[in-house]
Structure formats: structure tokens, C-alpha cells
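One file, work.pdb, carrying PDB, C-alpha atoms and all ligand atoms:
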ATOM      1  CA  MET A   1      70.658  71.983 124.580
ATOM      2  CA  SER A   2      72.230  68.785 125.742
ATOM      3  CA  ARG A   3      73.377  67.175 122.492
ATOM      4  CA  LYS A   4      77.024  67.373 121.575
ATOM      5  CA  GLY A   5      78.781  66.946 118.237
ATOM      6  CA  PHE A   6      82.140  65.204 118.100
ATOM      7  CA  GLU A   7      84.919  66.085 115.672
ATOM      8  CA  VAL A   8      86.188  63.544 113.144
ATOM      9  CA  SER A   9      89.924  63.932 112.494
ATOM     10  CA  ASP A  10      91.335  63.890 108.945
ATOM     11  CA  GLU A  11      94.551  62.348 110.294
ATOM     12  CA  GLN A  12      92.978  59.158 111.613
ATOM     13  CA  TRP A  13      93.294  55.751 110.003
ATOM     14  CA  ILE A  14      90.047  54.510 108.542
ATOM     15  CA  TYR A  15      89.031  51.535 106.412
ATOM     16  CA  HIS A  16      87.815  52.549 102.957
ATOM     17  CA  GLY A  17      87.826  50.912  99.526
ATOM     18  CA  GLY A  18      89.233  47.689 100.964
ATOM     19  CA  GLU A  19      92.290  49.249 102.628
ATOM     20  CA  PHE A  20      93.501  51.281 105.578
ATOM     21  CA  VAL A  21      93.928  54.938 104.572
ATOM     22  CA  ARG A  22      93.905  58.349 106.239
ATOM     23  CA  LEU A  23      90.406  59.869 106.320
ATOM     24  CA  GLY A  24      91.712  63.076 104.739
ATOM     25  CA  GLU A  25      92.780  61.136 101.626
ATOM     26  CA  VAL A  26      89.233  60.051 100.771
ATOM     27  CA  ARG A  27      87.185  62.134  98.387
ATOM     28  CA  LEU A  28      83.559  61.401  97.499
ATOM     29  CA  SER A  29      81.727  62.763  94.471
ATOM     30  CA  PRO A  30      78.568  64.851  94.979
ATOM     31  CA  ALA A  31      76.997  62.390  92.513
ATOM     32  CA  THR A  32      77.407  59.522  95.009
ATOM     33  CA  HIS A  33      74.073  57.689  95.045
ATOM     34  CA  ALA A  34      73.817  57.456  98.843
ATOM     35  CA  LEU A  35      74.333  61.204  99.239
ATOM     36  CA  ASN A  36      71.496  61.908  96.817
ATOM     37  CA  TYR A  37      69.017  59.223  97.868
ATOM     38  CA  GLY A  38      69.940  58.152 101.425
ATOM     39  CA  THR A  39      70.846  54.636 100.283
ATOM     40  CA  GLY A  40      73.273  53.735 103.029
ATOM     41  CA  VAL A  41      73.316  51.788 106.284
ATOM     42  CA  PHE A  42      75.439  52.338 109.349
ATOM     43  CA  GLU A  43      76.253  51.314 112.896
ATOM     44  CA  GLY A  44      77.410  53.105 116.015
ATOM     45  CA  ILE A  45      79.758  51.208 118.300
ATOM     46  CA  ARG A  46      81.460  52.424 121.459
ATOM     47  CA  ALA A  47      84.876  51.550 122.812
ATOM     48  CA  TYR A  48      85.389  52.581 126.452
ATOM     49  CA  TRP A  49      88.825  53.600 127.692
ATOM     50  CA  ASN A  50      89.986  51.531 130.682
ATOM     51  CA  GLU A  51      92.743  53.586 132.309
ATOM     52  CA  SER A  52      93.995  50.947 134.738
ATOM     53  CA  ARG A  53      94.396  48.259 132.046
ATOM     54  CA  GLY A  54      95.523  50.589 129.250
ATOM     55  CA  THR A  55      92.871  49.081 126.981
ATOM     56  CA  LEU A  56      89.916  50.165 124.933
ATOM     57  CA  GLN A  57      86.992  47.879 125.690
ATOM     58  CA  VAL A  58      84.889  47.542 122.534
ATOM     59  CA  LEU A  59      81.298  47.003 123.611
ATOM     60  CA  LYS A  60      79.075  44.379 121.942
ATOM     61  CA  LEU A  61      81.230  44.426 118.801
ATOM     62  CA  ARG A  62      79.865  41.233 117.279
ATOM     63  CA  GLU A  63      76.237  42.163 117.938
ATOM     64  CA  HIS A  64      76.703  45.484 116.120
ATOM     65  CA  TYR A  65      78.169  43.818 113.044
ATOM     66  CA  GLU A  66      75.429  41.182 113.003
ATOM     67  CA  ARG A  67      72.874  44.003 112.895
ATOM     68  CA  PHE A  68      75.000  45.843 110.311
ATOM     69  CA  LEU A  69      74.929  42.878 107.942
ATOM     70  CA  ASN A  70      71.150  42.586 108.409
ATOM     71  CA  SER A  71      70.821  46.280 107.509
ATOM     72  CA  CYS A  72      73.068  45.707 104.462
ATOM     73  CA  GLU A  73      70.883  42.815 103.372
ATOM     74  CA  LEU A  74      67.774  45.039 103.388
ATOM     75  CA  LEU A  75      69.356  47.397 100.841
ATOM     76  CA  HIS A  76      71.014  44.553  98.890
ATOM     77  CA  ILE A  77      74.454  45.779  99.873
ATOM     78  CA  ASP A  78      77.242  43.226  99.755
ATOM     79  CA  CYS A  79      79.843  44.750 102.038
ATOM     80  CA  GLY A  80      82.276  41.997 101.130
ATOM     81  CA  HIS A  81      83.125  40.950 104.693
ATOM     82  CA  THR A  82      81.924  38.529 107.354
ATOM     83  CA  VAL A  83      81.132  39.568 110.923
ATOM     84  CA  GLU A  84      84.520  38.154 112.018
ATOM     85  CA  GLU A  85      86.394  40.153 109.365
ATOM     86  CA  LEU A  86      84.543  43.362 110.236
ATOM     87  CA  CYS A  87      85.413  42.870 113.915
ATOM     88  CA  GLU A  88      89.083  42.324 113.061
ATOM     89  CA  ILE A  89      89.228  45.389 110.764
ATOM     90  CA  THR A  90      87.726  47.483 113.566
ATOM     91  CA  LEU A  91      90.272  46.278 116.109
ATOM     92  CA  GLU A  92      93.074  47.096 113.652
ATOM     93  CA  ILE A  93      91.742  50.656 113.166
ATOM     94  CA  LEU A  94      91.772  51.120 116.943
ATOM     95  CA  ARG A  95      95.284  49.673 117.247
ATOM     96  CA  ARG A  96      96.537  52.053 114.544
ATOM     97  CA  ASN A  97      94.832  55.180 115.929
ATOM     98  CA  ALA A  98      95.494  54.193 119.537
ATOM     99  CA  PRO A  99      93.089  56.673 121.168
ATOM    100  CA  ARG A 100      93.352  56.810 124.954
ATOM    101  CA  GLU A 101      89.777  58.017 125.442
ATOM    102  CA  ASP A 102      86.208  56.842 124.898
ATOM    103  CA  THR A 103      85.802  56.339 121.166
ATOM    104  CA  TYR A 104      82.898  55.924 118.774
ATOM    105  CA  ILE A 105      83.202  53.655 115.738
ATOM    106  CA  ARG A 106      81.078  54.306 112.670
ATOM    107  CA  PRO A 107      80.792  51.554 110.017
ATOM    108  CA  LEU A 108      78.991  52.825 106.915
ATOM    109  CA  ALA A 109      78.029  50.855 103.792
ATOM    110  CA  TYR A 110      76.421  52.688 100.926
ATOM    111  CA  LYS A 111      75.535  52.729  97.245
ATOM    112  CA  ALA A 112      78.630  54.287  95.768
ATOM    113  CA  ALA A 113      77.569  54.583  92.112
ATOM    114  CA  GLU A 114      77.891  58.073  90.680
ATOM    115  CA  SER A 115      74.656  58.045  88.754
ATOM    116  CA  ILE A 116      71.182  59.517  88.690
ATOM    117  CA  GLY A 117      68.189  57.232  89.226
ATOM    118  CA  VAL A 118      66.612  55.582  92.249
ATOM    119  CA  LYS A 119      67.256  51.863  92.470
ATOM    120  CA  LEU A 120      69.254  49.453  94.588
ATOM    121  CA  ALA A 121      71.041  47.211  92.080
ATOM    122  CA  LEU A 122      74.218  49.294  92.246
ATOM    123  CA  PRO A 123      77.802  48.832  93.493
ATOM    124  CA  SER A 124      78.475  49.546  97.159
ATOM    125  CA  GLU A 125      81.357  50.777  99.297
ATOM    126  CA  LEU A 126      82.294  50.178 102.921
ATOM    127  CA  SER A 127      83.941  52.745 105.193
ATOM    128  CA  ILE A 128      84.728  52.507 108.898
ATOM    129  CA  PHE A 129      85.924  55.578 110.799
ATOM    130  CA  THR A 130      86.096  56.707 114.412
ATOM    131  CA  ALA A 131      85.526  59.816 116.533
ATOM    132  CA  PRO A 132      86.270  60.607 120.170
ATOM    133  CA  MET A 133      83.008  60.448 122.118
ATOM    134  CA  ALA A 134      82.353  61.334 125.725
ATOM    135  CA  ASN A 135      78.711  61.650 126.844
ATOM    136  CA  TYR A 136      76.452  62.322 123.847
ATOM    137  CA  VAL A 137      73.622  63.559 126.087
ATOM    138  CA  GLU A 138      73.566  64.570 129.765
ATOM    139  CA  LEU A 139      73.140  61.589 132.078
ATOM    140  CA  THR A 140      71.664  63.580 134.950
ATOM    141  CA  GLY A 141      68.089  64.074 133.727
ATOM    142  CA  LEU A 142      66.670  65.047 130.332
ATOM    143  CA  ARG A 143      63.636  67.247 129.641
ATOM    144  CA  CYS A 144      61.678  65.782 126.736
ATOM    145  CA  CYS A 145      58.591  66.285 124.631
ATOM    146  CA  VAL A 146      56.443  63.907 122.631
ATOM    147  CA  SER A 147      57.131  64.839 119.034
ATOM    148  CA  SER A 148      54.464  65.876 116.551
ATOM    149  CA  TRP A 149      56.562  63.943 114.012
ATOM    150  CA  ARG A 150      55.568  60.258 113.912
ATOM    151  CA  ARG A 151      58.065  57.392 113.730
ATOM    152  CA  VAL A 152      58.620  55.976 110.236
ATOM    153  CA  SER A 153      56.810  52.668 109.985
ATOM    154  CA  ASP A 154      58.147  49.235 109.096
ATOM    155  CA  ASN A 155      56.197  49.400 105.839
ATOM    156  CA  ALA A 156      57.694  52.743 104.830
ATOM    157  CA  ILE A 157      61.352  52.915 105.935
ATOM    158  CA  PRO A 158      62.016  49.930 108.229
ATOM    159  CA  PRO A 159      63.390  51.229 111.559
ATOM    160  CA  ARG A 160      64.786  47.748 112.283
ATOM    161  CA  ALA A 161      67.639  48.615 109.898
ATOM    162  CA  LYS A 162      69.920  51.594 110.504
ATOM    163  CA  THR A 163      69.461  53.255 107.104
ATOM    164  CA  THR A 164      71.005  56.685 106.615
ATOM    165  CA  GLY A 165      67.898  58.112 104.920
ATOM    166  CA  SER A 166      65.634  57.274 107.860
ATOM    167  CA  TYR A 167      67.565  59.682 110.091
ATOM    168  CA  ILE A 168      65.710  62.570 108.429
ATOM    169  CA  ASN A 169      62.842  61.442 110.659
ATOM    170  CA  THR A 170      65.193  61.708 113.655
ATOM    171  CA  ALA A 171      66.614  65.071 112.628
ATOM    172  CA  LEU A 172      63.170  66.648 112.183
ATOM    173  CA  ALA A 173      62.023  65.501 115.622
ATOM    174  CA  VAL A 174      65.226  66.487 117.430
ATOM    175  CA  ASP A 175      65.381  69.866 115.738
ATOM    176  CA  ALA A 176      61.760  70.673 116.639
ATOM    177  CA  ALA A 177      62.382  69.576 120.255
ATOM    178  CA  HIS A 178      65.508  71.726 120.552
ATOM    179  CA  ARG A 179      63.785  74.767 119.037
ATOM    180  CA  ALA A 180      61.041  74.392 121.642
ATOM    181  CA  GLY A 181      63.658  74.262 124.413
ATOM    182  CA  TYR A 182      63.600  70.514 125.168
ATOM    183  CA  ASP A 183      66.593  68.185 125.252
ATOM    184  CA  GLU A 184      65.078  65.289 123.351
ATOM    185  CA  ALA A 185      62.020  64.055 121.430
ATOM    186  CA  ILE A 186      59.941  60.918 121.982
ATOM    187  CA  PHE A 187      58.275  59.414 118.915
ATOM    188  CA  LEU A 188      54.825  57.853 118.739
ATOM    189  CA  THR A 189      54.032  55.229 116.106
ATOM    190  CA  GLN A 190      51.534  55.915 113.301
ATOM    191  CA  SER A 191      48.874  54.340 115.571
ATOM    192  CA  GLY A 192      49.754  56.597 118.490
ATOM    193  CA  TYR A 193      51.688  54.281 120.814
ATOM    194  CA  VAL A 194      55.072  55.159 122.269
ATOM    195  CA  SER A 195      57.886  54.053 119.951
ATOM    196  CA  GLU A 196      61.337  55.297 120.984
ATOM    197  CA  ALA A 197      63.435  58.437 121.317
ATOM    198  CA  SER A 198      65.279  60.006 118.387
ATOM    199  CA  ALA A 199      68.263  57.643 118.618
ATOM    200  CA  ALA A 200      67.560  55.577 121.720
ATOM    201  CA  ASN A 201      65.063  53.059 123.065
ATOM    202  CA  ILE A 202      62.760  53.956 125.937
ATOM    203  CA  PHE A 203      61.976  52.218 129.244
ATOM    204  CA  LEU A 204      59.415  52.949 131.979
ATOM    205  CA  VAL A 205      59.419  51.765 135.579
ATOM    206  CA  ARG A 206      55.908  51.090 136.906
ATOM    207  CA  LYS A 207      54.983  49.099 140.018
ATOM    208  CA  GLY A 208      58.210  47.108 140.099
ATOM    209  CA  ASN A 209      58.147  46.230 136.386
ATOM    210  CA  LEU A 210      60.414  47.478 133.635
ATOM    211  CA  ILE A 211      58.277  48.198 130.564
ATOM    212  CA  THR A 212      59.470  48.857 127.018
ATOM    213  CA  PRO A 213      57.687  49.026 123.643
ATOM    214  CA  PRO A 214      57.949  45.822 121.559
ATOM    215  CA  PRO A 215      59.818  45.409 118.236
ATOM    216  CA  THR A 216      56.473  45.944 116.445
ATOM    217  CA  ALA A 217      56.397  49.547 117.763
ATOM    218  CA  ASP A 218      58.701  50.629 114.899
ATOM    219  CA  ILE A 219      61.822  50.677 117.034
ATOM    220  CA  LEU A 220      65.410  49.889 116.254
ATOM    221  CA  GLU A 221      66.018  46.701 118.214
ATOM    222  CA  GLY A 222      68.674  48.244 120.391
ATOM    223  CA  ILE A 223      71.741  46.396 121.591
ATOM    224  CA  THR A 224      71.819  48.524 124.746
ATOM    225  CA  ARG A 225      68.118  47.745 125.191
ATOM    226  CA  ALA A 226      68.913  44.013 125.267
ATOM    227  CA  ALA A 227      71.853  44.609 127.628
ATOM    228  CA  VAL A 228      69.674  46.594 130.054
ATOM    229  CA  MET A 229      66.955  43.929 129.934
ATOM    230  CA  GLU A 230      69.583  41.340 130.868
ATOM    231  CA  LEU A 231      70.893  43.434 133.792
ATOM    232  CA  ALA A 232      67.400  44.221 135.105
ATOM    233  CA  GLU A 233      66.329  40.578 135.088
ATOM    234  CA  LYS A 234      69.568  38.995 136.303
ATOM    235  CA  GLU A 235      70.893  41.580 138.726
ATOM    236  CA  LEU A 236      67.777  43.421 139.950
ATOM    237  CA  GLY A 237      65.315  40.517 139.632
ATOM    238  CA  MET A 238      62.934  42.888 137.841
ATOM    239  CA  PRO A 239      60.400  41.492 135.376
ATOM    240  CA  VAL A 240      60.814  43.098 131.942
ATOM    241  CA  VAL A 241      57.593  43.513 129.968
ATOM    242  CA  GLU A 242      57.575  44.292 126.232
ATOM    243  CA  ARG A 243      54.173  45.781 125.422
ATOM    244  CA  ASP A 244      52.397  48.734 123.842
ATOM    245  CA  VAL A 245      52.716  51.920 125.882
ATOM    246  CA  GLY A 246      50.238  54.810 125.706
ATOM    247  CA  ARG A 247      51.442  58.404 125.724
ATOM    248  CA  THR A 248      50.008  59.344 129.129
ATOM    249  CA  GLU A 249      51.529  56.253 130.702
ATOM    250  CA  LEU A 250      54.807  58.105 130.285
ATOM    251  CA  TYR A 251      53.548  60.883 132.545
ATOM    252  CA  ALA A 252      52.347  58.337 135.138
ATOM    253  CA  ALA A 253      55.601  56.363 135.228
ATOM    254  CA  GLU A 254      57.791  56.310 138.344
ATOM    255  CA  GLU A 255      60.875  56.460 136.140
ATOM    256  CA  VAL A 256      61.593  56.850 132.420
ATOM    257  CA  PHE A 257      64.963  56.437 130.756
ATOM    258  CA  PHE A 258      66.585  56.031 127.349
ATOM    259  CA  THR A 259      69.132  53.439 126.243
ATOM    260  CA  GLY A 260      71.481  53.524 123.262
ATOM    261  CA  THR A 261      75.102  53.276 122.256
ATOM    262  CA  GLY A 262      75.371  57.057 122.004
ATOM    263  CA  PHE A 263      72.863  57.930 124.754
ATOM    264  CA  GLN A 264      74.184  55.163 127.062
ATOM    265  CA  ILE A 265      71.614  55.093 129.907
ATOM    266  CA  ALA A 266      70.011  58.513 130.147
ATOM    267  CA  PRO A 267      67.346  59.312 132.770
ATOM    268  CA  VAL A 268      64.345  61.444 131.804
ATOM    269  CA  VAL A 269      63.019  63.811 134.483
ATOM    270  CA  GLU A 270      60.316  65.657 132.551
ATOM    271  CA  ILE A 271      58.011  64.897 129.584
ATOM    272  CA  ASP A 272      55.690  67.524 128.049
ATOM    273  CA  ASP A 273      56.233  69.632 131.181
ATOM    274  CA  HIS A 274      55.100  66.788 133.494
ATOM    275  CA  PRO A 275      57.749  65.889 136.099
ATOM    276  CA  ILE A 276      58.596  62.177 136.081
ATOM    277  CA  GLY A 277      59.218  60.590 139.485
ATOM    278  CA  GLY A 278      59.001  63.984 141.175
ATOM    279  CA  GLY A 279      61.436  65.425 138.620
ATOM    280  CA  ARG A 280      64.417  63.526 140.055
ATOM    281  CA  VAL A 281      66.572  60.667 138.737
ATOM    282  CA  GLY A 282      65.114  57.412 140.128
ATOM    283  CA  PRO A 283      66.824  54.542 141.974
ATOM    284  CA  VAL A 284      66.330  51.886 139.252
ATOM    285  CA  VAL A 285      68.001  53.884 136.502
ATOM    286  CA  GLU A 286      70.805  54.877 138.875
ATOM    287  CA  ARG A 287      71.588  51.229 139.600
ATOM    288  CA  LEU A 288      71.359  50.279 135.930
ATOM    289  CA  GLN A 289      73.736  53.108 134.971
ATOM    290  CA  GLU A 290      76.275  51.995 137.555
ATOM    291  CA  MET A 291      76.144  48.340 136.434
ATOM    292  CA  TYR A 292      76.148  49.171 132.740
ATOM    293  CA  PHE A 293      79.274  51.325 132.930
ATOM    294  CA  ARG A 294      81.084  48.758 135.064
ATOM    295  CA  ALA A 295      80.382  46.050 132.456
ATOM    296  CA  ALA A 296      81.049  48.359 129.469
ATOM    297  CA  ARG A 297      84.473  49.419 130.774
ATOM    298  CA  GLY A 298      85.443  45.786 131.307
ATOM    299  CA  GLU A 299      85.479  46.146 135.102
ATOM    300  CA  TRP A 300      82.973  43.387 135.895
ATOM    301  CA  PRO A 301      84.414  39.901 135.357
ATOM    302  CA  GLU A 302      80.984  38.223 135.066
ATOM    303  CA  TYR A 303      80.202  40.397 132.052
ATOM    304  CA  GLU A 304      83.596  40.301 130.361
ATOM    305  CA  GLY A 305      81.934  38.681 127.334
ATOM    306  CA  TRP A 306      80.301  42.063 126.610
ATOM    307  CA  THR A 307      83.565  43.684 125.521
ATOM    308  CA  VAL A 308      86.664  42.963 123.449
ATOM    309  CA  PRO A 309      89.876  44.543 124.817
ATOM    310  CA  VAL A 310      92.308  46.335 122.519
ATOM    311  CA  GLU A 311      95.670  47.142 124.018
ATOM    312  CA  VAL A 312      96.538  50.734 123.279
ATOM    313  CA  VAL A 313     100.269  51.202 122.962
ATOM    314  CA  HIS A 314     101.135  54.811 123.710
ATOM    315  CA  GLY A 315     102.050  56.637 120.525
ATOM    316  CA  ALA A 316     101.128  53.639 118.374
ATOM    317  CA  ALA A 317      99.571  55.685 115.554
ATOM    318  CA  ARG A 318     101.401  54.628 112.392
TER     319      ARG A 318
HETATM  320  C1  LIG A 401      66.671  55.072 116.182
HETATM  321  C2  LIG A 401      67.496  54.416 117.232
HETATM  322  N1  LIG A 401      66.889  53.684 118.179
HETATM  323  C3  LIG A 401      67.588  53.055 119.150
HETATM  324  C4  LIG A 401      68.965  53.159 119.208
HETATM  325  C5  LIG A 401      69.717  52.407 120.263
HETATM  326  O1  LIG A 401      70.327  51.279 119.707
HETATM  327  P1  LIG A 401      71.675  50.669 120.290
HETATM  328  O2  LIG A 401      71.429  50.428 121.729
HETATM  329  O3  LIG A 401      71.852  49.398 119.543
HETATM  330  O4  LIG A 401      72.738  51.655 120.050
HETATM  331  C6  LIG A 401      69.632  53.944 118.255
HETATM  332  C7  LIG A 401      71.089  54.120 118.303
HETATM  333  O5  LIG A 401      71.878  53.440 117.840
HETATM  334  C8  LIG A 401      68.891  54.569 117.235
HETATM  335  O6  LIG A 401      69.493  55.302 116.288
END

Could you render the structure as C-alpha cells?
Amino acid sequence: MSRKGFEVSDEQWIYHGGEFVRLGEVRLSPATHALNYGTGVFEGIRAYWNESRGTLQVLKLREHYERFLNSCELLHIDCGHTVEELCEITLEILRRNAPREDTYIRPLAYKAAESIGVKLALPSELSIFTAPMANYVELTGLRCCVSSWRRVSDNAIPPRAKTTGSYINTALAVDAAHRAGYDEAIFLTQSGYVSEASAANIFLVRKGNLITPPPTADILEGITRAAVMELAEKELGMPVVERDVGRTELYAAEEVFFTGTGFQIAPVVEIDDHPIGGGRVGPVVERLQEMYFRAARGEWPEYEGWTVPVEVVHGAAR
């Protein structure tokens, strides 16, 4: 099994109820609406530790909060902050906790009413907390299966928004894949085309093109997906094609890989017991991994706009 869980510390500073508090001080009622009905939205943001600069480089911060506010809008959640304010609150959490390691940031906005009854016209709450996060999955070649669970569709639970409830779909697929001995599941849409992985977008390399399912394939429009498309076009001169992908095209691909904030860039070496690219990590994904990490850690001046640096003063936790 290649998926890791990462511990969330009670001692850390988080943002909750409009102020900075210790996570251990927060108590939620079992009657909280979002816990009962899945009426929450969230984001996953990474900050990469840059040892030589003594900074955390927060990757695509603005883009994550733009998507977060779009997700909020879908559930009629007013999180009470602009993108700029959310970015600033996040930087302050990092300054206070001062982690000197790769860190994951989890903004969460949810229906906080303690009441029974399914509806959306209810008060909301915003929390932002962090967890240390090294590699979420192995980056040296995943063994995957196509899931018998289908991706939720835009007309059921819109995958374009990161809603907490929709991750039941993810959990069912991942759990079934793990029980069958695979590392990860690949979803098909209701009409049988390739959609995405459990919590990552999917790319194929075929005949010099980079191919990925379009936004209409019930995917989350990934921020890493857009970043990889930019690198492939600009740095590798590779045409990127967004189009429907059939299941067996996966088996025929020269390379397959996943992209996501948690997954980063994760090569796939086997799908449904078919070796991909001879069962070895391919040259395109290797180059993309190398470029992506250089940009994400703030080590590539041309891409410094991808990250926001936070200076981590040793022992700054206050
Ligand atoms: C369902 C799903 N698809 C794709 C992604 C990748 O999106 P991003 O690159 O913005 O993290 C994620 C992870 O965040 C996800 O949960």
C-alpha cells in the first residue's frame, strides 16, 4: 500500500472562528451539519521547505483560494474573506507554526449549524490547519486498476468543486483498489471514458503528445494539471491535447502519470495488470517531475511566480 496518512498536531496554530487558536482548543458538536450531511468544501495546498533559503515556498496559493471561493459559492457558503485575506491568513499560520519541512495546508469551510435537516441556507464556519506532508504516494511507479466505482457526475455532485461529501466516491474506489492489492484507482465517467484518479488528474503520453481528459470528463480542474500543461508546452515543446480517453487507450499509452497537490507527479507503471511503457518510469514524466519540483521549491527563477516565500524563523512558534 503506497498511501500515507499524516498526523495533525493539537499544538499547532490554526485559524478558526475568525481568530488564531491552537487546534486542540477547538471542539465541534456531533450535530454539526457538515459532519452529518457532507456540506463542506476544502482545499489542499502545499508549502515546500527550501533548506538553502530557510523559507517555505507556498505553491500556487492564490489559485487554490480562487478555486476555494468557487467551491464555497456552489454551497452558498460565505467564508467572510477575500482571496487576498485568505492568502495572508495562511502565511501568518505558517509564520506562527514555523515548520521546517514540507507542509500541507487544509482550508475547510462548512455548514456549522447544529441542526437536523438537509438544506444549505445555514451559517458557515471557516477553519485552516496544517499537517507535515512528505510524499503522499510513491513517486517511483504506481500499480493501478480501473475502478468499478464510477466518478460522480457534474449533475449529481459536481467534481469541479472540492466538496467534502464527494470524497465518499474517492474513499470507496481507493479502498477497493487497496483491498485488491493495487496502489491506486482510476475512475471512468458514467459514460465510460477515463476521468481521473482518486485525488489526482491523469495524463497519457502517446506519439509525442500529452493527452488528458477534458473538464467535461467529471474531473476536478487541477492546479497541478495546469502547471504540468504549462511545463510540457513551454519547456518540452509538447502539444497538450484535452480530449476523451477510452479505457484501453490507457493500456496502449507509452507513459501514464497522475498530477495533484498531494500526489505531486506520480508515474504509473501498471494498469489492470498491463505494464505501461514496459513497466518502467518513462522519460517524459521524469523530466516533468524534475522541473516541477525545481519550480515548486522556488529554485527556478523563471517560475518564481508559482510560489510565495515565507521566512521560517527557527523556534518562531508563539
Ligand atoms: C478529485 C481530485 N482530482 C484532482 C486533484 C488534483 O488537483 P490539484 O492539482 O489542484 O491538487 C485532486 C487533489 O486535490 C482531487 O482531489

In Å, rounded to a single decimal, give me how far CA of Thr212 (chain A) is from CA of Tyr182 (chain A).
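So the two atoms, CA of Tyr182 (chain A) and CA of Thr212 (chain A), lie 22.1 Å apart.
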
If we count only C-alpha atoms and set the cut-off at 9 Å, which residues sit around Thr32 (chain A), ignoring sequence neighbours fewer than 6 positions away in its own chain? Please answer as a list in words.
Lys111, Ala112, Ala113, Glu114, Ser115 and Ile116 of chain A

Carefully work through the PyMOL selection byres (((not hetatm)) within 9 of (chain A and resi 401)) for this structure and note down the residues it includes, as an NGL selection string.
:A and (43-46 or 63-64 or 67 or 159-160 or 162 or 166-167 or 170 or 196-202 or 219-227 or 258-264)

Provide the CA of Val228 (chain A) to CA of Tyr292 (chain A) distance in Å, to one decimal place.
7.5 Å

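Against this structure, the PyMOL selection byres (((chain A and resi 16) around 9) and not hetatm) ends up with A:Ile14, A:Tyr15, A:Gly17, A:Gly18, A:Glu19, A:Phe20, A:Val21, A:Leu23, A:Val26, A:Glu125, A:Leu126, A:Ser127, A:Ile128, A:Phe129.
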
Point out the residue among A:Ala131, A:Ala121, A:Ile186, A:Leu231 with the least atom-to-atom distance to Arg294 (chain A), counting only C-alpha atoms.
A:Leu231

Counting all atoms listed in the file, what is within 12 Å of Pro275 (chain A), bar same-chain residues fewer than 3 positions away, as a PyMOL selection string?
chain A and resi 141-145+250-256+268-272+278-282

Pick the closest to Ala47 (chain A) from A:Arg27, A:His76, A:Arg22, A:Arg100: which is it, counting all atoms listed in the file?
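When distances to Ala47 (chain A) are compared using all atoms listed in the file, the smallest one comes from A:Arg100.
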
Shell of 10 Å around Leu86 (chain A), only C-alpha atoms, local chain residues under 2 positions omitted, as a list in words:
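Counting only the stated atoms, we get Leu61, Arg62, Tyr65, Glu66, Phe68, Leu69, Cys79, Gly80, His81, Thr82, Val83, Glu84, Glu88, Ile89, Thr90, Leu91, Glu92, Pro107 and Ile128 of chain A.
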
Rank A:Gly5, A:Pro99, A:Gly38, A:Pro30 by their smallest atom-to-atom distance to His314 (chain A), using all atoms listed in the file, and report the top residue only.
A:Pro99

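Between CA of Val205 (chain A) and CA of Asp244 (chain A) the separation is 14.0 Å.
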
Pick from A:Ala177, A:Ile276, A:Ala295, A:Ile265 nearest to Asn135 (chain A), counting only C-alpha atoms
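Nearest candidate to Asn135 (chain A) out of A:Ala177, A:Ile276, A:Ala295, A:Ile265: A:Ile265.
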
Given the file above and the PyMOL selection byres (((chain A and resi 97) around 7) and not hetatm), which residues are selected, and can you give them as a list in words?
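After applying the PyMOL selection byres (((chain A and resi 97) around 7) and not hetatm), what remains is Gln12, Trp13, Ile93, Leu94, Arg95, Arg96, Ala98, Pro99, Ala316 and Ala317 of chain A.
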
Might I get the box with edges along x, y and z of the file that holds all atoms of region 288-303 of chain A listed there, padded by 3 Å on every side, given as centre and edge lengths in Å to one decimal, as JSON?
{"center_x": 78.4, "center_y": 45.7, "center_z": 133.5, "size_x": 20.1, "size_y": 20.9, "size_z": 14.1}

Using only C-alpha atoms for the distances, tell me which of A:Ser124, A:Asn169, A:Ser147, A:Ser153 is nearest to Ala185 (chain A).
A:Ser147

Need to verify the contact set: Pro239 (chain A), 8 Å, only C-alpha atoms, exclusion of same-chain residues closer than 2 positions in sequence. Can you return it as a list in words?
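Near neighbours after the sequence-gap exclusion: Gly208, Asn209, Leu210, Ala232, Glu233, Gly237 and Val241 of chain A.
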
Near Thr163 (chain A), within 10 Å and counting all atoms listed in the file, which residues show up once chain neighbours fewer than 4 positions away are dropped, as a PDB file with C-alpha atoms, in the coordinates of the input?
ATOM      1  CA  GLY A  38      69.940  58.152 101.425  1.00  0.00           C
ATOM      2  CA  THR A  39      70.846  54.636 100.283  1.00  0.00           C
ATOM      3  CA  GLY A  40      73.273  53.735 103.029  1.00  0.00           C
ATOM      4  CA  VAL A  41      73.316  51.788 106.284  1.00  0.00           C
ATOM      5  CA  PHE A  42      75.439  52.338 109.349  1.00  0.00           C
ATOM      6  CA  GLU A  43      76.253  51.314 112.896  1.00  0.00           C
ATOM      7  CA  PHE A  68      75.000  45.843 110.311  1.00  0.00           C
ATOM      8  CA  SER A  71      70.821  46.280 107.509  1.00  0.00           C
ATOM      9  CA  CYS A  72      73.068  45.707 104.462  1.00  0.00           C
ATOM     10  CA  LEU A  74      67.774  45.039 103.388  1.00  0.00           C
ATOM     11  CA  LEU A  75      69.356  47.397 100.841  1.00  0.00           C
ATOM     12  CA  LEU A 108      78.991  52.825 106.915  1.00  0.00           C
ATOM     13  CA  ALA A 109      78.029  50.855 103.792  1.00  0.00           C
ATOM     14  CA  TYR A 110      76.421  52.688 100.926  1.00  0.00           C
ATOM     15  CA  ILE A 157      61.352  52.915 105.935  1.00  0.00           C
ATOM     16  CA  PRO A 158      62.016  49.930 108.229  1.00  0.00           C
ATOM     17  CA  PRO A 159      63.390  51.229 111.559  1.00  0.00           C
ATOM     18  CA  TYR A 167      67.565  59.682 110.091  1.00  0.00           C
TER      19      TYR A 167
END
